[in-house]
There are 2 protein chains.
Amino acid sequence: MNIGDAAKRSGVSAKMIRYYEEIGLIKASRRANGYRDYDESDVSVLQFIRRTRDLGFSLDEASSLLALWRDRKRPSREVKRLASQHIEDLERRMREMRAVVRTLKTLADHCHGDERSDCPILDDFAAATMKKSARKRPPA
Amino acid sequence: MNIGDAAKRSGVSAKMIRYYEEIGLIKASRRANGYRDYDESDVSVLQFIRRTRDLGFSLDEASSLLALWRDRKRPSREVKRLASQHIEDLERRMREMRAVVRTLKTLADHCHGDERSDCPILDDFAAATMKKSARKRPPA
DNA sequence: CTTGACCTTCCCATTATGGGAAGGATTAGG
DNA sequence: CCTAATCCTTCCCATAATGGGAAGGTCAAG
């Protein structure tokens, strides 16, 4: 199977398939004419990678998961550990984003949002790091 | 003021200050010896940028916000619109992450996480895109 | 005058992805 | 059998924002 078909069947672009090969994530056999050649199991691997990517794992993590998948005797503990770490990472990032959203919502709530120019949002951006001096005017 | 002091006072690294100048976000005057020279208002601008970055705005958005800050007659509506868009963007991304976390938690909950090798997490990664055939074994 | 702490520019790396060019291979239609 | 379209190949570039580090100029303190 040519790279184009492998791409269609796996949902991974041909560009990315070549890239994954370049970084050593996957391998590909070549035909006499130099074309890469893929079979069903290659497509399965690509689908596996795609699934991990869709779930937010990095290619590095995808690589580890792939190794675990290939090792039929791996303890499931290792897989679960990677998944749990990723969950914690996502939850930490969500907490950070939530804090930012709270801040921005508060600011936006106090902004008229009309033709008037006074704006507590910009005031905050300008004053956030200042200790006690009067509210900064836009310099220059 | 040298770039090092501007960096300390603004919380923006010297490296980034130079980069912001390179992409046209800020400007800097030079002294006779070629050193960049900053004053209080430059520091204020850097602090403003830092605040917007901390709140997750892109440098592109930071640029727009900076322009609005400098334009004392801008309608606050425009600022609020940018902020609201950013809030929506963050909320959309959080929803996506939350869905991923839900999926992963469900998978992890069903994984023994011990010495046994069978693992529903990897099973899902391998089977997610398949229609009806039996669960895939790791190819090759 | 030397030494150390600055500053300058320039290049490289990161992460994952896409765009596009130049040129060779294959395939379908006539 | 020839030609055009559609593949494939490699190579280079760009993205966003940041840091690392080298080579070399400058400045201030001793």
# chains A, B, ... in the order shown; residues from 1 in each chain; ligands from 1
$ select_by_dssp --residues "chain B" --states "alpha helix (DSSP H)" --output "ChimeraX atom specification"
/B:3-10,14-22,40-54,59-70,76-109,120-127
$ calpha_fit_rmsd --fixed "chain B" --moving "chain A"
0.1 Å
$ residues_around --residues "stretch 98-113 of chain B" --least-positions-apart "6" --cutoff "10 Å" --atoms "only C-alpha atoms (C1' of nucleotides)" --output "PyMOL selection string"
(chain A and resi 54-56+75-84+86-91+94) or (chain B and resi 92+119-124)
$ atom_distance --atom1 "atom CA of B:Phe57" --atom2 "atom CA of B:Val45"
15.1 Å
$ interface_residues --of "chain D" --to "chain A" --cutoff "10 Å" --atoms "only C-alpha atoms (C1' of nucleotides)" --output "list in words"
DC7, DC8 and DT9 of chain D
